Each structure stands twice: as structure tokens, then as C-alpha cells.
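As stored in work_5.cif (mmCIF, C-alpha atoms):
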```cif
data_entry
loop_
_atom_site.label_atom_id
_atom_site.label_comp_id
_atom_site.auth_asym_id
_atom_site.auth_seq_id
_atom_site.Cartn_x
_atom_site.Cartn_y
_atom_site.Cartn_z
CA LEU A 30 38.00 -86.33 5.64
CA SER A 31 36.35 -85.81 9.05
CA VAL A 32 33.03 -86.88 7.50
CA ALA A 33 30.90 -89.80 8.68
CA GLN A 34 30.52 -92.78 6.32
CA SER A 35 26.77 -92.20 6.18
CA GLY A 36 27.37 -88.62 5.02
CA ILE A 37 29.69 -89.76 2.23
CA SER A 38 27.20 -92.39 1.09
CA ARG A 39 24.42 -89.78 1.01
CA GLN A 40 26.55 -87.42 -1.09
CA ILE A 41 27.34 -90.24 -3.54
CA ARG A 42 23.64 -91.10 -3.89
CA MET A 43 22.82 -87.44 -4.56
CA LEU A 44 25.50 -87.26 -7.26
CA GLU A 45 24.26 -90.45 -8.90
CA GLU A 46 20.71 -89.11 -8.89
CA GLU A 47 21.94 -85.82 -10.38
CA PHE A 48 23.85 -87.52 -13.22
CA GLY A 49 21.43 -90.41 -13.70
CA GLU A 50 24.29 -92.88 -13.73
CA PRO A 51 25.97 -95.06 -11.06
CA LEU A 52 29.43 -93.76 -10.15
CA PHE A 53 30.68 -96.82 -8.25
CA LYS A 54 30.48 -100.53 -8.92
CA ARG A 55 30.40 -102.57 -5.71
CA VAL A 56 31.96 -106.05 -5.98
CA SER A 57 33.03 -108.64 -3.46
CA LYS A 58 36.60 -107.35 -3.38
CA GLY A 59 35.69 -103.69 -2.90
CA VAL A 60 34.41 -100.70 -4.82
CA HIS A 61 35.46 -99.62 -8.32
CA LEU A 62 34.62 -96.59 -10.38
CA THR A 63 32.18 -97.00 -13.25
CA PRO A 64 32.92 -95.30 -16.62
CA ALA A 65 30.76 -92.39 -15.42
CA GLY A 66 32.74 -92.30 -12.18
CA GLU A 67 36.05 -92.29 -14.09
CA THR A 68 34.84 -89.34 -16.19
CA LEU A 69 33.74 -87.42 -13.08
CA LEU A 70 37.10 -88.09 -11.41
CA VAL A 71 38.98 -86.46 -14.32
CA TYR A 72 36.93 -83.27 -13.96
CA ALA A 73 37.08 -83.34 -10.16
CA ARG A 74 40.87 -83.44 -10.26
CA LYS A 75 40.86 -80.53 -12.72
CA ILE A 76 38.52 -78.54 -10.44
CA PHE A 77 40.77 -79.09 -7.42
CA GLN A 78 43.82 -78.09 -9.45
CA ASP A 79 42.02 -74.94 -10.64
CA LEU A 80 41.15 -74.11 -7.04
CA ARG A 81 44.80 -74.51 -6.01
CA ASN A 82 45.89 -72.29 -8.94
CA ALA A 83 43.27 -69.69 -8.02
CA SER A 84 44.52 -69.70 -4.44
CA LEU A 85 48.10 -69.13 -5.62
CA GLU A 86 47.08 -66.32 -7.99
CA ILE A 87 44.94 -64.56 -5.38
CA SER A 88 47.82 -64.83 -2.93
CA ALA A 89 50.15 -63.24 -5.51
CA LEU A 90 47.65 -60.44 -6.10
CA ALA A 91 47.42 -59.79 -2.37
CA ARG A 92 51.22 -59.48 -2.21
CA LEU A 93 51.14 -57.23 -5.35
CA GLU A 94 53.42 -59.66 -7.18
CA ARG A 95 51.19 -59.60 -10.27
CA GLY A 96 48.02 -57.97 -11.54
CA GLN A 97 46.87 -54.96 -13.49
CA LEU A 98 45.51 -51.52 -12.58
CA ARG A 99 43.72 -49.22 -15.04
CA ILE A 100 43.81 -45.48 -14.35
CA GLY A 101 42.13 -42.55 -16.08
CA ALA A 102 43.14 -38.89 -15.93
CA GLY A 103 42.87 -35.61 -17.78
CA MET A 104 45.77 -34.14 -19.73
CA ILE A 105 47.01 -31.91 -16.89
CA ALA A 106 46.91 -34.77 -14.37
CA CYS A 107 48.65 -37.13 -16.82
CA THR A 108 51.41 -34.61 -17.40
CA TYR A 109 52.01 -33.17 -13.94
CA ILE A 110 50.39 -35.38 -11.27
CA LEU A 111 50.63 -39.02 -12.38
CA PRO A 112 54.36 -39.38 -13.27
CA PRO A 113 55.93 -39.12 -9.78
CA VAL A 114 53.23 -41.28 -8.18
CA LEU A 115 53.32 -43.99 -10.85
CA GLU A 116 57.12 -43.97 -10.82
CA ARG A 117 57.07 -44.69 -7.07
CA PHE A 118 54.42 -47.38 -7.52
CA LYS A 119 56.53 -49.16 -10.15
CA GLU A 120 59.56 -49.02 -7.86
CA LEU A 121 57.58 -50.77 -5.13
CA TYR A 122 55.55 -53.17 -7.31
CA PRO A 123 57.34 -53.73 -10.63
CA LYS A 124 55.24 -56.79 -11.56
CA VAL A 125 51.92 -54.92 -11.49
CA GLU A 126 50.97 -53.62 -14.93
CA LEU A 127 49.68 -50.03 -15.05
CA LEU A 128 47.43 -48.88 -17.89
CA VAL A 129 46.57 -45.18 -18.29
CA ALA A 130 43.69 -43.69 -20.29
CA THR A 131 43.17 -39.97 -20.91
CA GLY A 132 39.96 -38.05 -21.47
CA VAL A 133 37.64 -35.29 -20.30
CA THR A 134 35.59 -35.67 -17.13
CA ASP A 135 32.47 -37.21 -18.71
CA VAL A 136 34.52 -39.77 -20.63
CA LEU A 137 36.46 -40.81 -17.53
CA LEU A 138 33.28 -41.13 -15.45
CA SER A 139 31.78 -43.32 -18.17
CA LYS A 140 34.89 -45.50 -18.15
CA LEU A 141 34.64 -45.83 -14.36
CA ARG A 142 31.02 -46.92 -14.54
CA ASP A 143 31.59 -49.52 -17.26
CA ASN A 144 34.69 -50.80 -15.42
CA SER A 145 37.12 -49.80 -18.17
CA ILE A 146 39.19 -48.13 -15.44
CA GLU A 147 39.37 -48.67 -11.67
CA LEU A 148 40.41 -45.16 -10.64
CA GLY A 149 40.24 -41.65 -12.05
CA ILE A 150 42.19 -38.47 -11.27
CA ILE A 151 39.52 -35.91 -12.11
CA ALA A 152 38.75 -32.23 -11.63
CA LEU A 153 36.04 -31.81 -8.99
CA PRO A 154 33.25 -31.50 -8.06
CA ILE A 155 31.91 -34.97 -8.83
CA ARG A 156 28.59 -35.82 -7.22
CA SER A 157 27.48 -39.39 -7.76
CA PRO A 158 26.09 -41.87 -5.19
CA ASP A 159 27.90 -44.82 -6.78
CA LEU A 160 31.37 -43.25 -6.59
CA THR A 161 33.78 -42.36 -3.79
CA VAL A 162 35.50 -38.98 -4.18
CA VAL A 163 38.69 -38.08 -2.30
CA PRO A 164 39.86 -34.46 -2.82
CA LEU A 165 43.65 -34.27 -3.19
CA TRP A 166 44.84 -30.91 -4.47
CA THR A 167 43.54 -27.37 -4.76
CA GLU A 168 45.21 -25.67 -7.71
CA GLU A 169 45.38 -21.92 -8.29
CA MET A 170 44.17 -20.76 -11.70
CA VAL A 171 46.11 -17.96 -13.39
CA VAL A 172 45.91 -15.99 -16.62
CA ALA A 173 48.34 -16.98 -19.37
CA THR A 174 49.10 -14.72 -22.32
CA SER A 175 51.58 -14.53 -25.13
CA VAL A 176 54.82 -12.75 -24.26
CA LYS A 177 53.93 -10.58 -27.27
CA HIS A 178 50.62 -9.38 -25.82
CA PRO A 179 50.78 -5.55 -26.08
CA ILE A 180 49.09 -4.86 -22.72
CA LEU A 181 48.87 -7.89 -20.43
CA SER A 182 52.45 -9.08 -21.00
CA HIS A 183 53.59 -6.01 -19.07
CA LYS A 184 51.35 -6.64 -16.06
CA ARG A 185 51.55 -8.94 -13.06
CA SER A 186 47.86 -9.11 -12.19
CA THR A 187 44.46 -8.51 -13.72
CA ASP A 188 40.72 -8.82 -13.06
CA ALA A 189 37.56 -10.07 -14.74
CA GLU A 190 36.61 -6.66 -16.17
CA GLU A 191 39.94 -6.31 -17.94
CA LEU A 192 39.97 -9.93 -19.11
CA GLY A 193 36.56 -9.45 -20.69
CA LYS A 194 38.16 -7.09 -23.24
CA TYR A 195 40.36 -9.78 -24.81
CA PRO A 196 39.68 -12.97 -26.83
CA LEU A 197 39.58 -15.97 -24.49
CA ILE A 198 40.66 -19.52 -25.36
CA THR A 199 39.19 -21.89 -22.83
CA PHE A 200 38.16 -25.48 -22.11
CA ALA A 201 35.14 -27.33 -23.48
CA LYS A 202 31.82 -26.62 -21.78
CA ASP A 203 31.53 -30.07 -20.20
CA ALA A 204 34.92 -29.78 -18.45
CA ASN A 205 34.84 -29.06 -14.71
CA THR A 206 37.71 -26.59 -15.12
CA ARG A 207 35.53 -24.64 -17.58
CA ILE A 208 32.72 -24.56 -15.01
CA VAL A 209 35.14 -22.90 -12.55
CA ILE A 210 36.08 -20.28 -15.16
CA ASP A 211 32.47 -19.57 -16.14
CA SER A 212 31.52 -19.17 -12.47
CA TYR A 213 34.30 -16.61 -11.99
CA PHE A 214 33.10 -14.42 -14.85
CA SER A 215 29.45 -14.84 -13.90
CA ALA A 216 30.11 -13.72 -10.31
CA ALA A 217 31.92 -10.65 -11.65
CA GLY A 218 29.07 -9.82 -14.04
CA VAL A 219 31.37 -10.12 -17.06
CA THR A 220 30.69 -11.95 -20.33
CA PRO A 221 34.00 -13.31 -21.67
CA ARG A 222 34.85 -13.11 -25.39
CA ILE A 223 35.32 -16.84 -26.01
CA VAL A 224 36.92 -17.43 -29.41
CA MET A 225 37.85 -21.09 -29.03
CA GLU A 226 37.16 -24.09 -26.82
CA GLY A 227 39.98 -26.62 -26.51
CA GLU A 228 39.73 -30.15 -25.15
CA ASN A 229 42.96 -29.90 -23.16
CA VAL A 230 45.98 -27.73 -22.38
CA ALA A 231 47.95 -29.22 -25.29
CA THR A 232 45.55 -27.57 -27.75
CA ILE A 233 45.22 -24.30 -25.83
CA LYS A 234 48.83 -23.36 -25.04
CA PRO A 235 50.21 -23.17 -28.62
CA LEU A 236 47.43 -20.78 -29.64
CA VAL A 237 48.04 -18.55 -26.63
CA LYS A 238 51.76 -18.49 -27.45
CA ILE A 239 51.04 -16.97 -30.88
CA ASP A 240 48.65 -14.43 -29.31
CA LEU A 241 45.36 -15.69 -30.73
CA GLY A 242 43.88 -15.24 -27.28
CA ILE A 243 44.47 -15.43 -23.55
CA THR A 244 43.49 -18.27 -21.23
CA ILE A 245 42.81 -19.10 -17.58
CA ILE A 246 44.61 -22.25 -16.61
CA PRO A 247 46.13 -24.09 -13.61
CA TYR A 248 49.57 -22.61 -12.94
CA ARG A 249 51.36 -25.98 -12.97
CA ALA A 250 50.26 -26.46 -16.59
CA ILE A 251 52.29 -23.43 -17.74
CA ALA A 252 55.07 -23.25 -15.14
CA ASP A 253 57.74 -24.56 -17.52
CA GLU A 254 56.71 -22.21 -20.35
CA VAL A 255 56.75 -19.24 -17.96
CA LYS A 256 60.27 -20.13 -16.82
CA ARG A 257 61.39 -20.37 -20.45
CA LYS A 258 59.65 -17.03 -21.16
CA GLU A 259 57.41 -18.66 -23.77
CA LEU A 260 54.25 -17.56 -21.94
CA HIS A 261 53.46 -14.71 -19.58
CA CYS A 262 51.54 -15.34 -16.34
CA LEU A 263 49.28 -12.96 -14.39
CA LYS A 264 47.56 -13.46 -11.06
CA ILE A 265 43.84 -12.83 -10.79
CA ARG A 266 43.49 -10.09 -8.19
CA ASP A 267 39.74 -9.63 -7.77
CA HIS A 268 39.01 -13.21 -6.77
CA LYS A 269 41.10 -16.29 -6.01
CA VAL A 270 40.15 -18.77 -8.71
CA THR A 271 40.96 -22.39 -7.86
CA ARG A 272 40.01 -25.85 -8.96
CA GLN A 273 40.11 -29.10 -7.00
CA VAL A 274 41.49 -32.37 -8.27
CA GLY A 275 40.67 -35.66 -6.60
CA ILE A 276 40.65 -39.44 -6.76
CA VAL A 277 37.40 -41.04 -7.89
CA TYR A 278 36.59 -44.76 -7.69
CA HIS A 279 33.68 -47.17 -7.16
CA LYS A 280 32.15 -47.29 -3.71
CA SER A 281 33.06 -50.55 -1.99
CA LYS A 282 33.30 -51.89 1.53
CA THR A 283 36.66 -53.42 0.70
CA LEU A 284 39.17 -52.19 -1.89
CA PRO A 285 41.61 -54.44 -3.76
CA LYS A 286 45.04 -54.03 -2.22
CA VAL A 287 46.52 -52.77 -5.48
CA LEU A 288 43.98 -49.94 -5.57
CA SER A 289 44.27 -49.01 -1.89
CA GLU A 290 48.07 -48.91 -2.21
CA LEU A 291 47.96 -46.54 -5.19
CA ILE A 292 45.53 -44.27 -3.31
CA ARG A 293 47.95 -44.27 -0.37
CA LEU A 294 50.78 -43.14 -2.65
CA PHE A 295 48.68 -40.33 -4.11
CA LYS A 296 47.90 -39.07 -0.60
CA GLU A 297 51.56 -39.39 0.37
CA HIS A 298 52.61 -37.37 -2.67
CA ARG A 299 49.99 -34.72 -1.85
CA ASP A 300 51.28 -34.38 1.71
CA ILE A 301 54.88 -33.98 0.49
CA ALA A 302 53.82 -31.40 -2.11
CA LEU A 303 51.94 -29.40 0.52
#
```
What would the structure in this file look like if it were written as C-alpha cells?
Amino acid sequence: LSVAQSGISRQIRMLEEEFGEPLFKRVSKGVHLTPAGETLLVYARKIFQDLRNASLEISALARLERGQLRIGAGMIACTYILPPVLERFKELYPKVELLVATGVTDVLLSKLRDNSIELGIIALPIRSPDLTVVPLWTEEMVVATSVKHPILSHKRSTDAEELGKYPLITFAKDANTRIVIDSYFSAAGVTPRIVMEGENVATIKPLVKIDLGITIIPYRAIADEVKRKELHCLKIRDHKVTRQVGIVYHKSKTLPKVLSELIRLFKEHRDIAL
């Protein structure tokens, strides 16, 4: 044990004082455990076994042979950003369980702060001293209309003044993407005719398709519909409207390996996409 006999004796005395019972019975032929000592030995063996098990589990986590990672993202990110990255992660670390939650920005930030998720893919800006923000992508915003729109479906570009003439279907006020859209109209001195606020692209696109209104949306969210000629897309010519998407997670001097590896894959995917 590399401990002096006097040190062991002192530790035994301290334990006996703590429990109020003798742990050893000293007889002429040696030392035997008392009933209290026998009870303590059972728990001591269990503690040492638990420590060995903890060491094995932590080692497995470090090698990414087990564990769980909870991720949050908005609808666009869940549909167009997460799949290739999570597919690659599962190829590399099939024994790590991935859980994905969706929601608007405020909901995802709340989940981060109460530790319901470890990482969020969120539209920026996010300014919070307790969170680390890593910008990943800058996405161009475009105008989407029905292919039946009598005027805009025949154009390739438009501006804020023209857009202000038509009903606008947009995102909820607390969404960062909505803030980008509002800032665009405000800078142009135009008040948009907002007829509906949708929580995500899944609620907005069907209504645009049937010509209840137009929308301003990240291009990747409508790329497939444009190719299938289900929606018409116009560039915004008077100002380049973009939104940033980034990784958001708790500030920490050291990150769990499972989290740092997923962040690495997101950055790798970004670099390939660029």
C-alpha cells in the first residue's frame, strides 16, 4: 500500500470514531473484523467495484464507444443541414445515441440553458455570456412566390418597394430570420403587408404555393420546389439579404469528446460546402 503502519492505524481510529463502533477485534492470534467491520467491508468492496465500473465507462465515452448527444435545431437546419453531418457521425461512432429536438430560437436557447440539449444549430445573432457561438454558414435569402402569381412569377428579381405591394407570409416575430427580414424592409423605408406569421418553413411553403402570399426565405429551403416548378424564386436586387447559422453550446474550458467531434464534423461539412 506504500503507507506506513502508523498512518493505517490513524485512519482506522478515525473511522472508528466516525462510526462510533470498533471495526477490528485484536486477539492473541491476530486481528479480526467486528460485525461493524464486516458491514463496512461489504460497502467498501462495492465502492471499489463502482469506481472500476466508472473508470471503464468513462474510458468508453472517451473512445466514443457509447454515450448520448442531444442536439437542437430549427426546421430548416433539421431538414437541410443536420442529415449529412449526422449521417457521417453515425458512420464513425455507431454506438453513440443521437437525439434531435426542433424548435424556434427562444425554445432552443431555453433547452440549452436547462441542459435538455448540449448543442444547438441556430440562426444568429445570439449574444449571451454563458454560451459559445461559432458561425458556420451565411445563407442568401430570396423571394418565393407561387408559380401562378400574375406578376412576380414572370420576373427574376425584385426589390423592397415592389414586395411591399403584395401580401407577405413570414416567420414569427421572435425568430432571428424574421428579424433579418424586418431589418431589410425597415432600411428600405417599406412597411410590408404581413398576412400571416408561420413558425417554420413547413407551414409557410404550402400557403405560398397556393398564392395566398409571397415569402422571403433561405434559398436552400425552396431549392427542391423551384427545381420541380412548384415555387418561383426571385433574387432581391436592392440589397443582399442574408442570415447566419451557427453552432451554439455552453461555455466550457474543456468539451466532452463527443461534442467536440460533432463540432469538428459540422466545420468539415461547412468547408466542403463552401
Using the chain letters and numbers from this file, what does the PyMOL selection byres ((chain A and resi 188) around 7) select? Give the answer as a PyMOL selection string. chain A and resi 187+189-192+265-267
Surrounding residues of Pro123 in chain A excluding itself and chain neighbours under 3 positions, 9 Å, only C-alpha atoms, as a list in words: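 Near Pro123 in chain A, the qualifying residues are Leu93, Glu94, Arg95, Phe118, Lys119, Glu120 and Glu126 of chain A.
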Can you measure CA of Pro221 in chain A to CA of Thr199 in chain A for me? One decimal in Å is fine. 10.1 Å
d(CA of Ile155 in chain A, CA of Ser139 in chain A) in Å: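 Interatomic distance here is 12.5 Å.
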The PyMOL selection byres ((chain A and resi 203) around 12) applied to the shown file, residues as a list in words: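 Checking the PyMOL selection byres ((chain A and resi 203) around 12) against this file, the residues are Gly132, Val133, Thr134, Asp135, Val136, Ala152, Thr199, Phe200, Ala201, Lys202, Ala204, Asn205, Thr206, Arg207, Ile208, Val209, Ile210, Asp211, Glu226, Gly227, Glu228 and Asn229 of chain A.
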Could you state the separation of CA of Ile243 in chain A and CA of Leu137 in chain A in Å, given to one decimal place?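 Here the two named atoms are 27.3 Å from each other.
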Applied to the shown file, which residues does the PyMOL selection byres ((chain A and resi 230) around 10) return, written as a PyMOL selection string? chain A and resi 103-105+199-200+227-229+231-235+244+246-247+250-251
Using all atoms listed in the file, determine which residues lie at most 6 Å from Leu52 in chain A, disregarding the query and same-chain residues fewer than 5 positions distant; provide the list as an MDAnalysis selection string. chainID A and resid 62:63 65:66
Considering all atoms listed in the file, return as a PDB file with C-alpha atoms, keeping the file's coordinate frame whatever protein or nucleic-acid residues lie within 9 Å of Leu128 in chain A, sequence-local ones (same chain, fewer than 4 positions apart) excluded.
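Wrote part.pdb, looks like this:
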```pdb
ATOM      1  CA  GLN A  97      46.870 -54.960 -13.490  1.00  0.00           C
ATOM      2  CA  LEU A  98      45.510 -51.520 -12.580  1.00  0.00           C
ATOM      3  CA  ARG A  99      43.720 -49.220 -15.040  1.00  0.00           C
ATOM      4  CA  ILE A 100      43.810 -45.480 -14.350  1.00  0.00           C
ATOM      5  CA  GLY A 101      42.130 -42.550 -16.080  1.00  0.00           C
ATOM      6  CA  ILE A 146      39.190 -48.130 -15.440  1.00  0.00           C
TER       7      ILE A 146
END
```
Minimum-distance residue to Gly149 in chain A, chosen among A:Ile276, A:Ala106, A:Leu197, A:Ile87 (using all atoms listed in the file): A:Ile276
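Of the residues listed (A:Leu236, A:Leu165, A:Ala217, A:Leu153), A:Leu153 shows the shortest atom-to-atom separation from Arg272 in chain A; distances use only C-alpha atoms.
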Contacts of Ser175 in chain A at 7 Å (only C-alpha atoms; same-chain gap of 4+ positions) as a PyMOL selection string: chain A and resi 182+237-240+260-261
Do you know which residues are at most 10 Å from Pro64 in chain A counting only C-alpha atoms, after dropping those on the same chain fewer than 2 positions away, and could you put them as a VMD selection string? chain A and resid 50 to 54 61 to 62 66 to 70
Selected residues written out, C-alpha atoms, as a PDB file, in the frame of the given file:
```
ATOM      1  CA  GLU A  50      24.290 -92.880 -13.730  1.00  0.00           C
ATOM      2  CA  PRO A  51      25.970 -95.060 -11.060  1.00  0.00           C
ATOM      3  CA  LEU A  52      29.430 -93.760 -10.150  1.00  0.00           C
ATOM      4  CA  PHE A  53      30.680 -96.820  -8.250  1.00  0.00           C
ATOM      5  CA  LYS A  54      30.480-100.530  -8.920  1.00  0.00           C
ATOM      6  CA  HIS A  61      35.460 -99.620  -8.320  1.00  0.00           C
ATOM      7  CA  LEU A  62      34.620 -96.590 -10.380  1.00  0.00           C
ATOM      8  CA  GLY A  66      32.740 -92.300 -12.180  1.00  0.00           C
ATOM      9  CA  GLU A  67      36.050 -92.290 -14.090  1.00  0.00           C
ATOM     10  CA  THR A  68      34.840 -89.340 -16.190  1.00  0.00           C
ATOM     11  CA  LEU A  69      33.740 -87.420 -13.080  1.00  0.00           C
ATOM     12  CA  LEU A  70      37.100 -88.090 -11.410  1.00  0.00           C
TER      13      LEU A  70
END
```
